[in-house]
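Dumped structure_13.txt below, it's compact mmCIF, C-alpha atoms and all ligand atoms:
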# COMPACT_ATOMS: atom_id res chain seq x y z
CA MET N 1 -0.99 -16.98 13.29
CA ASN N 2 1.85 -15.10 11.64
CA LYS N 3 4.07 -12.58 13.33
CA LEU N 4 6.65 -10.44 11.60
CA GLU N 5 8.65 -8.47 14.10
CA ILE N 6 10.86 -5.68 12.93
CA ILE N 7 13.35 -4.24 15.34
CA ASN N 8 15.42 -1.10 14.78
CA LEU N 9 15.65 -1.73 11.09
CA ALA N 10 17.85 0.67 9.13
CA LYS N 11 19.10 1.03 5.60
CA LYS N 12 21.78 3.43 4.41
CA TYR N 13 22.95 4.11 0.90
CA GLY N 14 26.34 5.68 1.45
CA ASN N 15 25.54 8.46 3.89
CA LYS N 16 21.92 8.68 2.76
CA THR N 17 19.52 7.11 5.28
CA ALA N 18 16.61 5.49 3.47
CA LEU N 19 15.16 3.82 6.56
CA ASN N 20 15.95 4.65 10.16
CA ASN N 21 15.19 2.83 13.40
CA PHE N 22 12.05 1.19 12.12
CA THR N 23 10.38 -0.90 14.79
CA TYR N 24 6.97 -2.47 14.24
CA THR N 25 5.19 -5.80 14.51
CA PHE N 26 2.90 -7.10 11.78
CA GLU N 27 0.34 -9.79 12.54
CA ASN N 28 -2.40 -11.27 10.37
CA GLY N 29 -4.35 -8.53 8.66
CA LEU N 30 -4.03 -5.81 6.10
CA TYR N 31 -1.55 -2.98 6.61
CA GLY N 32 -1.39 0.20 4.60
CA LEU N 33 2.08 1.65 4.25
CA ILE N 34 1.81 5.29 3.28
CA GLY N 35 4.19 8.19 2.89
CA PRO N 36 5.46 10.55 0.17
CA ASN N 37 7.99 9.74 -2.55
CA GLY N 38 11.28 8.71 -1.05
CA ALA N 39 9.81 7.96 2.40
CA GLY N 40 11.35 4.50 2.46
CA LYS N 41 8.34 2.30 1.66
CA SER N 42 9.99 0.28 -1.10
CA THR N 43 13.20 0.08 0.92
CA LEU N 44 11.34 -1.50 3.83
CA MET N 45 9.49 -3.90 1.54
CA ASN N 46 12.68 -4.86 -0.28
CA ILE N 47 14.35 -5.75 3.00
CA LEU N 48 11.32 -7.80 4.08
CA VAL N 49 11.46 -9.86 0.89
CA GLU N 50 15.26 -10.12 1.15
CA GLY N 51 15.74 -8.26 -2.11
CA ILE N 52 18.28 -5.93 -0.50
CA SER N 53 20.44 -6.17 2.59
CA LYS N 54 19.82 -4.14 5.72
CA THR N 55 22.36 -1.89 7.38
CA ASN N 56 21.13 -2.53 10.88
CA GLY N 57 18.39 -4.20 12.90
CA ASP N 58 16.50 -7.47 12.81
CA VAL N 59 13.51 -9.06 11.14
CA LEU N 60 11.96 -12.02 12.94
CA TYR N 61 9.29 -14.30 11.56
CA ASN N 62 7.48 -16.12 14.36
CA GLY N 63 10.44 -15.49 16.63
CA GLU N 64 13.23 -16.58 14.27
CA LYS N 65 15.59 -14.32 12.35
CA ILE N 66 14.73 -14.48 8.67
CA GLU N 67 18.36 -14.99 7.63
CA LYS N 68 18.37 -18.11 9.73
CA LEU N 69 15.10 -19.36 8.25
CA GLY N 70 16.48 -18.87 4.73
CA LYS N 71 14.49 -20.79 2.15
CA GLU N 72 11.80 -21.62 4.68
CA TYR N 73 11.11 -17.88 4.95
CA ARG N 74 11.31 -17.19 1.21
CA ASN N 75 8.76 -19.95 0.63
CA ILE N 76 6.11 -18.13 2.61
CA ILE N 77 6.62 -14.75 0.94
CA GLY N 78 4.66 -13.36 -2.00
CA TYR N 79 5.82 -10.11 -3.53
CA VAL N 80 4.55 -7.71 -6.16
CA PRO N 81 7.33 -5.18 -6.78
CA GLN N 82 6.80 -1.53 -7.68
CA GLN N 83 8.96 -1.79 -10.79
CA GLN N 84 7.08 -4.39 -12.71
CA GLY N 85 9.18 -6.40 -15.10
CA ILE N 86 6.85 -8.58 -17.09
CA TYR N 87 7.67 -11.15 -19.71
CA ASN N 88 5.58 -9.80 -22.55
CA ASN N 89 6.15 -12.65 -24.93
CA PHE N 90 4.71 -15.19 -22.53
CA SER N 91 1.07 -16.07 -22.37
CA ALA N 92 -0.50 -15.56 -18.95
CA GLU N 93 -0.42 -19.28 -18.35
CA ASP N 94 3.19 -19.72 -19.49
CA PHE N 95 4.28 -16.83 -17.29
CA LEU N 96 2.67 -18.40 -14.23
CA ASN N 97 4.14 -21.76 -15.15
CA TYR N 98 7.58 -20.19 -15.37
CA MET N 99 7.14 -18.44 -12.01
CA ALA N 100 5.80 -21.61 -10.36
CA ASN N 101 8.93 -23.46 -11.46
CA LEU N 102 11.17 -20.65 -10.22
CA LYS N 103 9.44 -20.84 -6.87
CA GLY N 104 10.01 -24.59 -6.79
CA LEU N 105 6.38 -25.63 -6.57
CA ASN N 106 5.65 -29.34 -6.68
CA LYS N 107 5.29 -30.34 -10.35
CA LYS N 108 2.06 -32.22 -9.72
CA ASP N 109 0.42 -29.21 -8.07
CA ILE N 110 1.40 -26.61 -10.65
CA SER N 111 -1.46 -26.81 -13.14
CA SER N 112 -4.24 -26.84 -10.54
CA LYS N 113 -2.61 -23.97 -8.65
CA ILE N 114 -2.28 -21.92 -11.84
CA LYS N 115 -5.94 -22.47 -12.59
CA GLU N 116 -6.87 -21.44 -9.07
CA VAL N 117 -4.91 -18.16 -9.09
CA LEU N 118 -6.05 -17.30 -12.64
CA GLU N 119 -9.65 -17.74 -11.58
CA PHE N 120 -9.06 -15.69 -8.47
CA VAL N 121 -7.81 -12.70 -10.45
CA ASP N 122 -10.41 -13.28 -13.14
CA LEU N 123 -7.98 -13.96 -15.98
CA TYR N 124 -8.68 -17.63 -16.62
CA GLY N 125 -10.53 -16.83 -19.83
CA VAL N 126 -7.49 -15.05 -21.30
CA ARG N 127 -4.85 -17.47 -20.05
CA LYS N 128 -3.62 -18.28 -23.57
CA ASN N 129 -3.22 -14.62 -24.52
CA LYS N 130 0.17 -12.94 -24.60
CA LEU N 131 0.91 -10.51 -21.80
CA ASP N 132 1.89 -7.71 -24.17
CA GLY N 133 -1.77 -7.41 -25.15
CA PHE N 134 -2.86 -7.02 -21.54
CA SER N 135 -4.03 -3.71 -20.09
CA GLY N 136 -2.19 -2.19 -17.11
CA GLY N 137 -4.80 -3.55 -14.74
CA MET N 138 -4.64 -7.05 -16.22
CA LYS N 139 -0.84 -7.01 -15.93
CA GLN N 140 -1.11 -5.95 -12.32
CA ARG N 141 -3.57 -8.78 -11.67
CA ILE N 142 -1.29 -11.36 -13.26
CA LEU N 143 1.52 -10.11 -11.00
CA ILE N 144 -0.76 -10.58 -8.00
CA ALA N 145 -1.61 -14.08 -9.25
CA GLN N 146 2.11 -14.85 -9.51
CA ALA N 147 2.63 -13.73 -5.92
CA LEU N 148 -0.12 -16.09 -4.71
CA LEU N 149 1.23 -19.25 -6.38
CA ASN N 150 3.02 -20.44 -3.25
CA ASN N 151 0.14 -19.70 -0.83
CA PRO N 152 2.19 -17.02 0.92
CA GLU N 153 1.71 -16.28 4.61
CA ILE N 154 3.12 -12.81 3.98
CA LEU N 155 2.08 -10.88 0.90
CA ILE N 156 3.83 -7.63 0.04
CA LEU N 157 2.42 -5.34 -2.64
CA ASP N 158 4.32 -2.21 -3.59
CA GLU N 159 1.87 0.32 -5.06
CA PRO N 160 -0.36 -2.25 -6.74
CA THR N 161 -2.92 0.33 -7.86
CA ALA N 162 -0.57 2.98 -9.28
CA GLY N 163 -1.57 4.09 -12.76
CA LEU N 164 -4.80 2.11 -12.89
CA ASP N 165 -8.24 3.41 -13.74
CA PRO N 166 -10.84 3.62 -10.94
CA LYS N 167 -12.57 0.40 -11.96
CA GLU N 168 -9.36 -1.61 -11.88
CA ARG N 169 -8.37 0.02 -8.60
CA ILE N 170 -11.60 -1.12 -7.00
CA ARG N 171 -11.17 -4.57 -8.46
CA ILE N 172 -7.67 -4.90 -7.05
CA ARG N 173 -8.77 -3.44 -3.74
CA ASN N 174 -11.46 -6.11 -3.47
CA LEU N 175 -9.03 -8.89 -4.40
CA ILE N 176 -6.60 -7.75 -1.74
CA ALA N 177 -9.30 -7.43 0.90
CA ARG N 178 -10.31 -11.03 0.21
CA ILE N 179 -6.77 -12.32 0.61
CA SER N 180 -5.97 -10.67 3.91
CA MET N 181 -8.01 -12.85 6.28
CA ASN N 182 -5.34 -15.17 7.60
CA LYS N 183 -2.11 -13.74 6.39
CA ILE N 184 -0.02 -10.63 6.71
CA VAL N 185 -0.68 -8.33 3.77
CA ILE N 186 1.33 -5.14 3.46
CA ILE N 187 0.42 -2.70 0.73
CA SER N 188 2.08 0.59 -0.04
CA THR N 189 0.22 3.33 -1.84
CA HIS N 190 -0.08 7.04 -2.48
CA ILE N 191 -3.77 6.68 -3.15
CA VAL N 192 -4.83 6.53 0.46
CA SER N 193 -8.49 6.13 -0.39
CA ASP N 194 -7.55 2.71 -1.82
CA ILE N 195 -6.74 1.39 1.62
CA GLU N 196 -8.87 3.57 3.88
CA PHE N 197 -11.66 1.02 4.26
CA ILE N 198 -9.73 -2.21 3.92
CA ALA N 199 -6.61 -1.64 6.03
CA GLY N 200 -6.90 -2.49 9.72
CA ASN N 201 -3.70 -0.59 10.36
CA ILE N 202 -1.83 2.26 8.80
CA VAL N 203 1.91 2.78 9.00
CA PHE N 204 3.03 6.26 8.00
CA LEU N 205 6.62 6.69 6.88
CA TYR N 206 8.30 10.02 6.39
CA GLY N 207 11.98 10.55 5.60
CA GLY N 208 12.74 6.94 6.50
CA GLU N 209 11.05 7.21 9.90
CA LEU N 210 7.84 5.72 11.21
CA ILE N 211 5.91 8.83 12.20
CA ARG N 212 2.37 7.54 12.82
CA LYS N 213 0.74 4.15 13.29
CA GLY N 214 -2.72 2.92 14.19
CA SER N 215 -6.10 2.01 12.77
CA PRO N 216 -7.61 4.60 10.43
CA LYS N 217 -10.11 5.42 13.15
CA GLU N 218 -7.45 6.01 15.78
CA LEU N 219 -5.38 8.17 13.47
CA LEU N 220 -8.31 10.29 12.33
CA LYS N 221 -9.01 11.34 15.92
CA GLU N 222 -6.05 13.69 15.54
CA LEU N 223 -8.11 15.69 13.02
CA GLU N 224 -11.46 15.57 14.75
CA ASN N 225 -13.36 18.87 14.41
CA GLN N 226 -10.60 20.30 12.27
CA VAL N 227 -11.87 19.52 8.79
CA PHE N 228 -14.42 21.96 7.43
CA GLU N 229 -16.51 22.42 4.36
CA LYS N 230 -18.00 25.63 3.19
CA ILE N 231 -19.38 27.19 0.05
CA ILE N 232 -17.30 30.11 -1.15
CA SER N 233 -16.99 32.16 -4.32
CA GLU N 234 -14.35 31.46 -6.92
CA GLU N 235 -12.47 34.63 -5.98
CA GLN N 236 -12.05 33.44 -2.39
CA VAL N 237 -10.32 30.20 -3.32
CA GLU N 238 -6.87 31.73 -3.45
CA ASN N 239 -7.33 33.30 -0.05
CA TYR N 240 -8.24 29.92 1.47
CA ASN N 241 -5.32 28.27 -0.25
CA GLU N 242 -2.99 30.76 1.39
CA LYS N 243 -4.49 30.51 4.85
CA PHE N 244 -5.43 26.88 5.16
CA LEU N 245 -4.55 23.42 4.00
CA VAL N 246 -7.15 22.76 1.31
CA SER N 247 -7.96 19.08 0.79
CA GLY N 248 -10.80 19.39 -1.68
CA LEU N 249 -12.57 21.67 -4.13
CA MET N 250 -15.86 20.85 -5.79
CA SER N 251 -18.08 22.99 -7.90
CA ALA N 252 -21.52 23.53 -6.39
CA SER N 253 -24.61 25.28 -7.69
CA THR N 254 -24.03 28.32 -5.46
CA GLY N 255 -20.24 28.54 -5.75
CA ILE N 256 -17.32 26.34 -4.81
CA LYS N 257 -17.46 23.82 -2.04
CA ILE N 258 -14.11 23.95 -0.33
CA ARG N 259 -12.75 21.39 2.13
CA TYR N 260 -9.95 22.55 4.38
CA ILE N 261 -8.19 21.94 7.63
CA ASP N 262 -8.27 24.52 10.38
CA ASN N 263 -7.77 24.49 14.14
CA ASP N 264 -11.01 26.15 15.10
CA LYS N 265 -14.44 26.84 13.83
CA LEU N 266 -14.32 30.45 12.75
CA THR N 267 -17.64 31.38 11.30
CA ASP N 268 -21.18 30.12 11.41
CA ASP N 269 -21.40 29.15 7.78
CA GLU N 270 -18.59 26.61 7.95
CA TYR N 271 -19.35 23.17 9.20
CA ALA N 272 -17.05 20.45 10.50
CA VAL N 273 -17.08 17.18 8.57
CA GLU N 274 -15.70 13.72 9.29
CA PRO N 275 -12.02 13.69 8.46
CA ASN N 276 -10.85 11.06 5.98
CA LEU N 277 -7.48 9.51 5.40
CA GLU N 278 -6.69 11.84 2.55
CA ASP N 279 -7.18 14.89 4.78
CA TYR N 280 -5.00 13.17 7.34
CA TYR N 281 -2.26 12.36 4.86
CA LEU N 282 -2.07 15.95 3.64
CA TYR N 283 -2.16 17.26 7.19
CA ILE N 284 0.66 15.04 8.49
CA GLU N 285 2.78 15.75 5.44
CA LYS N 286 2.33 19.46 5.97
CA ILE N 287 3.21 19.49 9.67
CA LYS N 288 6.31 17.42 8.90
CA MET N 289 7.56 19.67 6.10
N1 LIG Y 301 19.65 2.07 -4.86
C1 LIG Y 301 19.62 3.24 -4.22
N2 LIG Y 301 20.72 4.00 -4.11
C2 LIG Y 301 20.72 5.18 -3.44
N3 LIG Y 301 19.62 5.68 -2.84
C3 LIG Y 301 18.49 4.97 -2.91
C4 LIG Y 301 18.41 3.72 -3.60
N4 LIG Y 301 17.16 3.24 -3.48
C5 LIG Y 301 16.46 4.16 -2.77
N5 LIG Y 301 17.26 5.20 -2.43
C6 LIG Y 301 16.85 6.38 -1.64
O1 LIG Y 301 16.24 5.93 -0.45
C7 LIG Y 301 15.13 6.75 -0.11
C8 LIG Y 301 13.90 5.87 0.07
O2 LIG Y 301 13.52 5.37 -1.21
P1 LIG Y 301 12.30 4.39 -1.41
O3 LIG Y 301 12.35 3.93 -2.82
O4 LIG Y 301 12.31 3.36 -0.36
O5 LIG Y 301 11.06 5.36 -1.18
P2 LIG Y 301 9.51 5.11 -1.44
O6 LIG Y 301 8.82 5.50 -0.18
O7 LIG Y 301 9.29 3.75 -1.94
O8 LIG Y 301 9.18 6.19 -2.55
P3 LIG Y 301 8.14 6.12 -3.81
O9 LIG Y 301 6.82 6.50 -3.24
O10 LIG Y 301 8.66 7.16 -4.73
O11 LIG Y 301 8.18 4.75 -4.39
C9 LIG Y 301 15.02 7.79 -1.21
O12 LIG Y 301 15.63 8.96 -0.76
C10 LIG Y 301 15.79 7.17 -2.35
O13 LIG Y 301 16.36 8.18 -3.14
MG MG Y 302 8.49 2.99 -3.65

The structure given in the file should be rewritten as structure tokens.
Ligand SMILES: Nc1ncnc2c1ncn2[C@@H]1O[C@H](COP(=O)(O)OP(=O)(O)OP(=O)(O)O)[C@@H](O)[C@H]1O
Ligand SMILES: [Mg+2]
Amino acid sequence: MNKLEIINLAKKYGNKTALNNFTYTFENGLYGLIGPNGAGKSTLMNILVEGISKTNGDVLYNGEKIEKLGKEYRNIIGYVPQQQGIYNNFSAEDFLNYMANLKGLNKKDISSKIKEVLEFVDLYGVRKNKLDGFSGGMKQRILIAQALLNNPEILILDEPTAGLDPKERIRIRNLIARISMNKIVIISTHIVSDIEFIAGNIVFLYGGELIRKGSPKELLKELENQVFEKIISEEQVENYNEKFLVSGLMSASTGIKIRYIDNDKLTDDEYAVEPNLEDYYLYIEKIKM
């Protein structure tokens, strides 16, 4: 069992507060960290991987402060940063070899571990190829492979699906879901549908504050009977956009199918639908603005 306890964590840049009073406990499982640009997601992750210092608060791994654990803590962390620096002149295999040495892996284990992570991310066949020929999705997968070299107990992925095509997003989503059985996996994203069905828990950050937390199911209760779909004409779209929070538009044979959030059922021809995490995200962002 792993337990990462975060108590009153804060980060200030000058007088700008990037993270404020963040208190939360992560245990084994997959956590989705969501929130708009500048919410503090990367700041939190950077503190957890000891990439930046904190201004206030504590982080405890299994009851011990991480500063005190030092190398012991760093050895159990895997991290895929948002800003991906990648050594383009390396082959996939050489890159992983380099990272394995940086991480101080046992020399005798390195080649078998590299093979294992390359197979896991489905890049074993291209291991001799240079990274600069890799697609965005392949690069992201090699970065995930790098983060897994030391069998981390805590894996932190900062927007791992940003900029990828739908097929690669699904592929990465499946990889991550497979990893999260017996470790803490924290993944930040703007594409909430990427974590909706794999994250056991959602942590919603806004302006450096934790504003919502819970399982997707628990959170979506807040929107029960408030998401509607209805067929309208093209001319009515603007009117709905002004009156309601519109979370979807789809062309239909008889007009436009609009999805929107409203407090009450108004007319007979609108019907309530199951809210999803994207509706929820838009809704929370709006009530916070
Ligand atoms: N090095 C820095 N110096 C000053 N301010 C910073 C620095 N890094 C982050 N910030 C500020 O801290 C706040 C939180 O930024 P952070 O990068 O954690 O947000 P984020 O949720 O990861 O956003 P995004 O979704 O855009 O990646 C922002 O207001 C940002 O401008
Ligand atoms: Mg970020």

Ligand MG 302 (chain Y): which residues are within 8 Å, counting all atoms listed in the file, as a PyMOL selection string?
-> chain N and resi 37-43+82+158-159+188

Export of the given selection (C-alpha atoms) as an mmCIF file, in the frame of the given file:
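What follows is the written file part_21.cif:
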data_model
loop_
_atom_site.group_PDB
_atom_site.id
_atom_site.type_symbol
_atom_site.label_atom_id
_atom_site.label_comp_id
_atom_site.auth_asym_id
_atom_site.auth_seq_id
_atom_site.Cartn_x
_atom_site.Cartn_y
_atom_site.Cartn_z
ATOM 1 C CA ASN N 37 7.990 9.740 -2.550
ATOM 2 C CA GLY N 38 11.280 8.710 -1.050
ATOM 3 C CA ALA N 39 9.810 7.960 2.400
ATOM 4 C CA GLY N 40 11.350 4.500 2.460
ATOM 5 C CA LYS N 41 8.340 2.300 1.660
ATOM 6 C CA SER N 42 9.990 0.280 -1.100
ATOM 7 C CA THR N 43 13.200 0.080 0.920
ATOM 8 C CA GLN N 82 6.800 -1.530 -7.680
ATOM 9 C CA ASP N 158 4.320 -2.210 -3.590
ATOM 10 C CA GLU N 159 1.870 0.320 -5.060
ATOM 11 C CA SER N 188 2.080 0.590 -0.040
#

Produce as JSON, numbers by chain the set of residues near ligand LIG 301 (chain Y), where near means within 12 Å with all atoms listed in the file considered.
-> {"N": [10, 11, 12, 13, 14, 15, 16, 17, 18, 19, 20, 33, 34, 35, 36, 37, 38, 39, 40, 41, 42, 43, 44, 45, 46, 47, 51, 52, 53, 81, 82, 83, 157, 158, 159, 160, 162, 187, 188, 189, 190, 191, 203, 204, 205, 206, 207, 208, 209, 210]}

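When CA of Glu27 in chain N is paired with CA of Asn174 in chain N, their separation reads 20.2 Å.
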
Spatial neighbours of Gln146 in chain N, 10 Å, all atoms listed in the file, chain gap at least 4 places, as a VMD selection string | chain N and resid 78 to 80 92 95 to 100 103 114 117 to 118 140 to 142 150

Give me the box for range 210-226 of chain N as lines of an AutoDock Vina configuration file, namely the centre and edge lengths in Å to one decimal of a box along x, y and z that holds every listed atom plus 8 Å on each side.
center_x = -2.8
center_y = 11.2
center_z = 13.2
size_x = 37.2
size_y = 34.3
size_z = 21.5

Among listed residues N:Leu175, N:Leu245, N:Ile7, N:Leu220, nearest Leu148 in chain N (using all atoms listed in the file) | N:Leu175

Could you pull the residues within 12 Å of Ser135 in chain N, counting all atoms listed in the file, minus those fewer than 5 positions along the same chain, as an MDAnalysis selection string?
-> chainID N and resid 88 123 126 129:130 140:142 163:165 168

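Interatomic distance, CA of Arg171 in chain N against CA of Arg127 in chain N: 18.5 Å.
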
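Candidate residues N:Lys288, N:Lys167, N:Lys257, N:Lys54 were compared for distance to Gln236 in chain N, and the nearest is N:Lys257, using all atoms listed in the file.
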
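Between CA of Pro216 in chain N and CA of Asn241 in chain N there is a distance of 26.1 Å.
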
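With distances restricted to all atoms listed in the file, N:Asn182 is the closest residue to Ile154 in chain N from N:Asn8, N:Ser253, N:Asn182, N:Ser112.
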
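Nearest to Ala145 in chain N of all the residues N:Glu116, N:Glu278, N:Pro166, N:Ile186 is N:Glu116, counting only C-alpha atoms.
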
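For the residues N:Leu143, N:Met289, N:Met138, N:Ile6, ranking by smallest atom-to-atom distance to Glu64 in chain N using only C-alpha atoms places N:Ile6 first.
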
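Minimum distance to Met1 in chain N across N:Met181, N:Ile110, N:Val49, N:Ile232 (counting all atoms listed in the file) occurs at N:Met181.
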
Using only C-alpha atoms, determine which residues lie at most 9 Å from Gly214 in chain N, disregarding the query and same-chain residues fewer than 4 positions distant; provide the list as number ranges by chain.
-> N: 200-203, 218-219

Counting all atoms listed in the file, what is within 6 Å of range 268-276 of chain N, bar same-chain residues fewer than 6 positions away, as a PyMOL selection string?
-> chain N and resi 225+227-230

Got a sec: who's within 9 Å of Lys128 in chain N, counting only C-alpha atoms, leaving out chain neighbours fewer than 3 positions off, as number ranges by chain?
-> N: 90-94, 124-125

For the selection you just gave me, I'd like the residues written to a file as a PDB file, in the coordinates of the input, keeping C-alpha atoms.
ATOM      1  CA  PHE N  90       4.710 -15.190 -22.530  1.00  0.00           C
ATOM      2  CA  SER N  91       1.070 -16.070 -22.370  1.00  0.00           C
ATOM      3  CA  ALA N  92      -0.500 -15.560 -18.950  1.00  0.00           C
ATOM      4  CA  GLU N  93      -0.420 -19.280 -18.350  1.00  0.00           C
ATOM      5  CA  ASP N  94       3.190 -19.720 -19.490  1.00  0.00           C
ATOM      6  CA  TYR N 124      -8.680 -17.630 -16.620  1.00  0.00           C
ATOM      7  CA  GLY N 125     -10.530 -16.830 -19.830  1.00  0.00           C
TER       8      GLY N 125
END
